[in-house]
Structure formats: structure tokens, C-alpha cells
Amino acid sequence: MKFGIVTFPGSNCDYDAFHAVTEALGEHAVYLWHKDHDLQGCDVIVLPGGFSYGDYLRAGAIARFSPVMRDVIAHANRGGPVLAICNGFQIACEAGLLRGALLRNASLKFVSELVQLRVETTETLFSNRYENGAILRIPIAHGDGRYTADDETLDRLEGEGQVVFRYVGGPGDADEWWSPNGSMHAIAGIVNDAGNVLGMMPHPERAVDSLLGSADGLGIFESMLARVAA
Amino acid sequence: MTRFRVAIHITPRRGILDPQGKTVAEALQTLGFGAVRDVHVGRHVVVELEARDKASAESSTRDMCERLLANPVTEDFEIAGVEAIAA
């Protein structure tokens with residue numbers, strides 16, 4: 001399976017994503033330059049983390065108009081899988097691939113820590129290798145991660161099983177919603193209506209080796225492999 | 001064609017948590033401005049463009065706001081002023 005990792009000016013997690021795919025998952029990956037219109041026949045597109053275009057105007061607002069995004073949107077509309085991580089999630093929301101928006105953390109602070117996510121559904125392309133309700137330890141590192149949407153959108157996401165990962169287990173009960181950034185409904189990751197685009201603020205590509213603290217993120221890549229290769 | 005300078009105010013939509021505005025409001029109250037009830041921090045964008053007339057400069061800027069300058073999910077915008085300037 002071939003992964004295409006988009007490099008925007010200011011992307012800084014593209015190498016981590018490349019490493020996760022090639023070393024931890026053992027699949028093929030190429031970098032896709034933001035100015036190109038060529039997805040090089042990739043099966044999965046990764047929009048990586050970073051600070052594309054310096055987060056000017058709003059995080060993701062400029063990257064969304066990069067030439068390659070036209071092709072990424074066409075790929076998504078054809079049902080092609082897109083994994084949008086952190087800044088990639090912000091770009092995907094700005095591009096209209098996902099509903100809602102990511103605003104400045106409620107604390108106004110950049111948060112960089114290992115957090116706990118609960119798997120809210122295993123019925124997706126990205127989470128089918130996990131157990132329902134499993135708790136994952138995956139790092140976050142962002143200043144603009146507060147998921148925000150109107151009530152109608154939230155009802156729809158919850159009702160249709162589109163909330164894939166939720167932050168849980170802060171200082172209190174391990175099962176309790178807890179949002180390190182003020183996200184509505186403690187949302188950490190969602191899929192689109194068709195289920196082929198996942199946006200998440202936590203970094204699964206940084207959690208693929210227990211030597212570095214956690215390998216809990218690898219399941220997302222394995223889930224895609226199980227489904228797309230099949 | 002005339003050159004116009006258009007000023008745009010972009011603010012967080014009412015009802016959406018605005019931690020930055022809240023923090024500034026608290027700081028102002030601490031400074032003794034006890035009358036402060038609410039603060040919202042947004043962006044001020046100034047666009048210079050060529051247009052046939054004032055109305056077309058404004059309508060073109062409105063289009064820019066809807067497509068890029070403001071996020072329709074979380075922000076409101078307002079064209080605060082349109083003035084003809086020397087090119």
C-alpha cells in the first residue's frame with residue numbers, strides 16, 4: 001500500500017509520518033510537494049502536522065488553497081482515504097473535508113503532552129483494529145486544537161458515530177470526558193460522512209514505537225492497511 | 001478603475017467561547033476598568049484593490065471574506081470602511 005505524505009511550507013511532522021509508514025508499518029511512502037498536482041498513485045493521503053504557512057490568518061486557511069489540495073479533495077470525493085493529523089486536521093476543516101473548526105486552546109497555552117483517548121467506534125476505516133472503548137496513549141502538541149461546531153453538527157457527529165476518538169481521564173475518573181484544549185464534547189478525532197477522511201489533533205505517527213513511550217497509534221495505520229488492502 | 005482601501009473587522013462569533021477576549025476583559029477589570037462587561041479580540045484586515053466604484057470594491061471584498069478572510073463556522077465579519085485612495 002502506498003502512502004502520500006503532503007509537505008506544505010511549514011509542515012514538520014511529515015518525516016514522522018514517513019517513518020511510521022515505512023519503518024513501523026512496513027509499507028511504501030512518498031512525499032508529495034504542495035505545489036504539485038500529482039498524487040503519484042497513492043492509496044492513502046496523509047496531511048501531516050506542522051505550521052503550514054506559519055498559521056497565517058488562521059491555522060490551515062492558506063494551505064487549503066495549495067495546488068495539491070485540489071487533487072487531495074478530488075481523491076477524498078472519490079472515497080480515497082485521507083488521514084489528517086493536527087495541522088492536517090485544521091487544513092481538512094478549512095477545506096470543507098470535515099465539519100467544524102479548530103480554535104485557540106481554551107487555556108490559551110500550547111499543550112504538549114501524552115494524553116488518553118478513548119476509541120468511540122471501531123466501525124471506521126481508521127479504527128477497526130482497536131477494541132471498542134480501548135484507551136490509547138497518544139501525544140498532542142498544539143495551540144489551536146479546540147474543536148468547535150454548532151449544535152446541529154455535534155448532534156449529527158454523535159448520532160452517526162463519526163466521533164472516533166475522545167479525550168478522557170484527566171485528573172478525574174478515567175472514563176470521564178476531559179478536554180486538554182476545551183474541545184466541545186472532548187472531541188479528539190472525527191470522520192466525514194462517508195467515513196474516508198479522519199481528522200485528529202493527537203499524533204498517532206509519534207506513537208508507533210513503545211521505546212518512545214507508546215505504540216498505541218500504530219493501530220490507525222494497521223486499520224487502514226487491513227481495510228484498503230483487502 | 002480606481003484604487004480603494006477597504007477595512008474589514010473580523011470577530012469571533014457571539015456565543016462561541018472566546019478565551020482571549022475573556023482574559024483581556026479580566027485584565028482590564030484588574031486595571032480598574034470595572035465598567036468593562038465584555039471584550040472580543042479579532043482581526044483587522046486592510047485590503048487595497050482596483051475597482052470600478054465603491055460598491056464593486058465592497059462586494060468584491062465581501063466575497064474575499066466569505067472565501068478566505070473569515071471562517072464562516074466561527075467568525076463574523078464587517079466591512080468597516082471603503083475609501084478611494086491615490087494609486
# chains A, B, ... in the order shown; residues from 1 in each chain; ligands from 1
call {"tool": "select_by_dssp", "arguments": {"residues": "chain A", "states": "strand (DSSP E)", "output": "number ranges by chain"}}
result
A: 2-7, 28-33, 44-47, 82-85, 101-103, 111-119, 135-142, 146-148, 163-168, 187-191, 197-200
call {"tool": "closest_atom_pairs", "arguments": {"of": "chain A", "to": "chain B", "cutoff": "9 Å", "atoms": "only C-alpha atoms", "output": "tab-separated table"}}
result
residue	atom	partner	partner_atom	distance
A:Leu57	CA	B:Leu69	CA	7.2
A:Arg58	CA	B:Asn71	CA	8.4
A:Ala61	CA	B:Leu68	CA	7.0
A:Ile62	CA	B:Leu68	CA	8.1
A:Glu94	CA	B:Asn71	CA	7.8
A:Arg99	CA	B:Val73	CA	8.8
A:Gly100	CA	B:Val73	CA	6.5
A:Ala101	CA	B:Val73	CA	6.7
A:Leu103	CA	B:Thr74	CA	8.5
A:Arg104	CA	B:Pro19	CA	8.0
A:Asn105	CA	B:Pro19	CA	8.1
A:Ala106	CA	B:Pro19	CA	5.6
A:Ser107	CA	B:Pro19	CA	7.2
A:Leu108	CA	B:Pro19	CA	6.9
A:Thr148	CA	B:Thr74	CA	7.9
A:Ala149	CA	B:Val73	CA	7.2
A:Asp150	CA	B:Val73	CA	8.0
call {"tool": "residues_around", "arguments": {"residues": "Ile5 in chain A", "least_positions_apart": "3", "cutoff": "7 Å", "atoms": "only C-alpha atoms", "output": "PyMOL selection string"}}
result
chain A and resi 14+30-32+45-48
call {"tool": "closest_residue", "arguments": {"among": "A:Val72, A:Leu154, A:Ala59, A:Ile138", "to": "Pro202 in chain A", "atoms": "only C-alpha atoms"}}
result
A:Ile138
call {"tool": "closest_atom_pairs", "arguments": {"of": "range 21-48 of chain B", "to": "range 75-87 of chain B", "cutoff": "12 Å", "atoms": "only C-alpha atoms", "output": "tab-separated table"}}
result
residue	atom	partner	partner_atom	distance
B:His40	CA	B:Glu75	CA	11.2
B:Val41	CA	B:Glu75	CA	11.1
B:Gly42	CA	B:Glu75	CA	8.8
B:Arg43	CA	B:Phe77	CA	9.3
B:His44	CA	B:Ala80	CA	9.4
B:Val45	CA	B:Ile79	CA	9.7
B:Val46	CA	B:Gly81	CA	9.5
B:Val47	CA	B:Val82	CA	9.6
B:Glu48	CA	B:Ile85	CA	8.9
call {"tool": "write_last_selection", "arguments": {"atoms": "N, CA and C atoms", "output": "PDB file, in the first residue's frame"}}
result
ATOM      1  N   HIS B  40     -14.047  41.237  22.904  1.00  0.00           N
ATOM      2  CA  HIS B  40     -13.783  40.226  21.886  1.00  0.00           C
ATOM      3  C   HIS B  40     -12.569  40.650  21.075  1.00  0.00           C
ATOM      4  N   VAL B  41     -11.634  39.740  20.920  1.00  0.00           N
ATOM      5  CA  VAL B  41     -10.429  40.043  20.161  1.00  0.00           C
ATOM      6  C   VAL B  41     -10.528  39.360  18.810  1.00  0.00           C
ATOM      7  N   GLY B  42     -10.409  40.156  17.764  1.00  0.00           N
ATOM      8  CA  GLY B  42     -10.481  39.588  16.424  1.00  0.00           C
ATOM      9  C   GLY B  42      -9.326  40.075  15.567  1.00  0.00           C
ATOM     10  N   ARG B  43      -9.584  40.244  14.276  1.00  0.00           N
ATOM     11  CA  ARG B  43      -8.534  40.710  13.351  1.00  0.00           C
ATOM     12  C   ARG B  43      -9.049  41.901  12.568  1.00  0.00           C
ATOM     13  N   HIS B  44      -8.090  42.760  12.217  1.00  0.00           N
ATOM     14  CA  HIS B  44      -8.412  43.904  11.372  1.00  0.00           C
ATOM     15  C   HIS B  44      -7.609  43.738  10.090  1.00  0.00           C
ATOM     16  N   VAL B  45      -8.282  43.630   8.967  1.00  0.00           N
ATOM     17  CA  VAL B  45      -7.583  43.401   7.696  1.00  0.00           C
ATOM     18  C   VAL B  45      -7.825  44.606   6.797  1.00  0.00           C
ATOM     19  N   VAL B  46      -6.762  45.087   6.161  1.00  0.00           N
ATOM     20  CA  VAL B  46      -6.901  46.199   5.223  1.00  0.00           C
ATOM     21  C   VAL B  46      -6.520  45.710   3.833  1.00  0.00           C
ATOM     22  N   VAL B  47      -7.437  45.815   2.902  1.00  0.00           N
ATOM     23  CA  VAL B  47      -7.193  45.354   1.531  1.00  0.00           C
ATOM     24  C   VAL B  47      -7.202  46.562   0.609  1.00  0.00           C
ATOM     25  N   GLU B  48      -6.189  46.660  -0.253  1.00  0.00           N
ATOM     26  CA  GLU B  48      -6.223  47.694  -1.294  1.00  0.00           C
ATOM     27  C   GLU B  48      -6.479  47.003  -2.609  1.00  0.00           C
TER      28      GLU B  48
END
call {"tool": "atom_distance", "arguments": {"atom1": "CA of Ala188 in chain A", "atom2": "CA of Leu225 in chain A"}}
result
21.9 Å
call {"tool": "residues_around", "arguments": {"residues": "Gly26 in chain A", "least_positions_apart": "4", "cutoff": "12 Å", "atoms": "only C-alpha atoms", "output": "list in words"}}
result
Met1, Lys2, Phe3, Phe18, His19, Ala20, Val21, Thr22, Val208, Leu218, Phe221, Glu222 and Leu225 of chain A
call {"tool": "select_by_dssp", "arguments": {"residues": "range 10-180 of chain A", "states": "helix (DSSP H, G or I)", "output": "MDAnalysis selection string"}}
result
chainID A and resid 14:25 52:55 63:65 67:77 87:94 151:159
call {"tool": "closest_residue", "arguments": {"among": "A:Pro139, A:Gly182, A:Gly169, A:Gly54", "to": "Met200 in chain A", "atoms": "only C-alpha atoms"}}
result
A:Pro139
call {"tool": "atom_distance", "arguments": {"atom1": "CA of Val119 in chain A", "atom2": "CA of His203 in chain A"}}
result
14.6 Å
call {"tool": "atom_distance", "arguments": {"atom1": "CA of Arg166 in chain A", "atom2": "CA of Gly88 in chain A"}}
result
17.8 Å
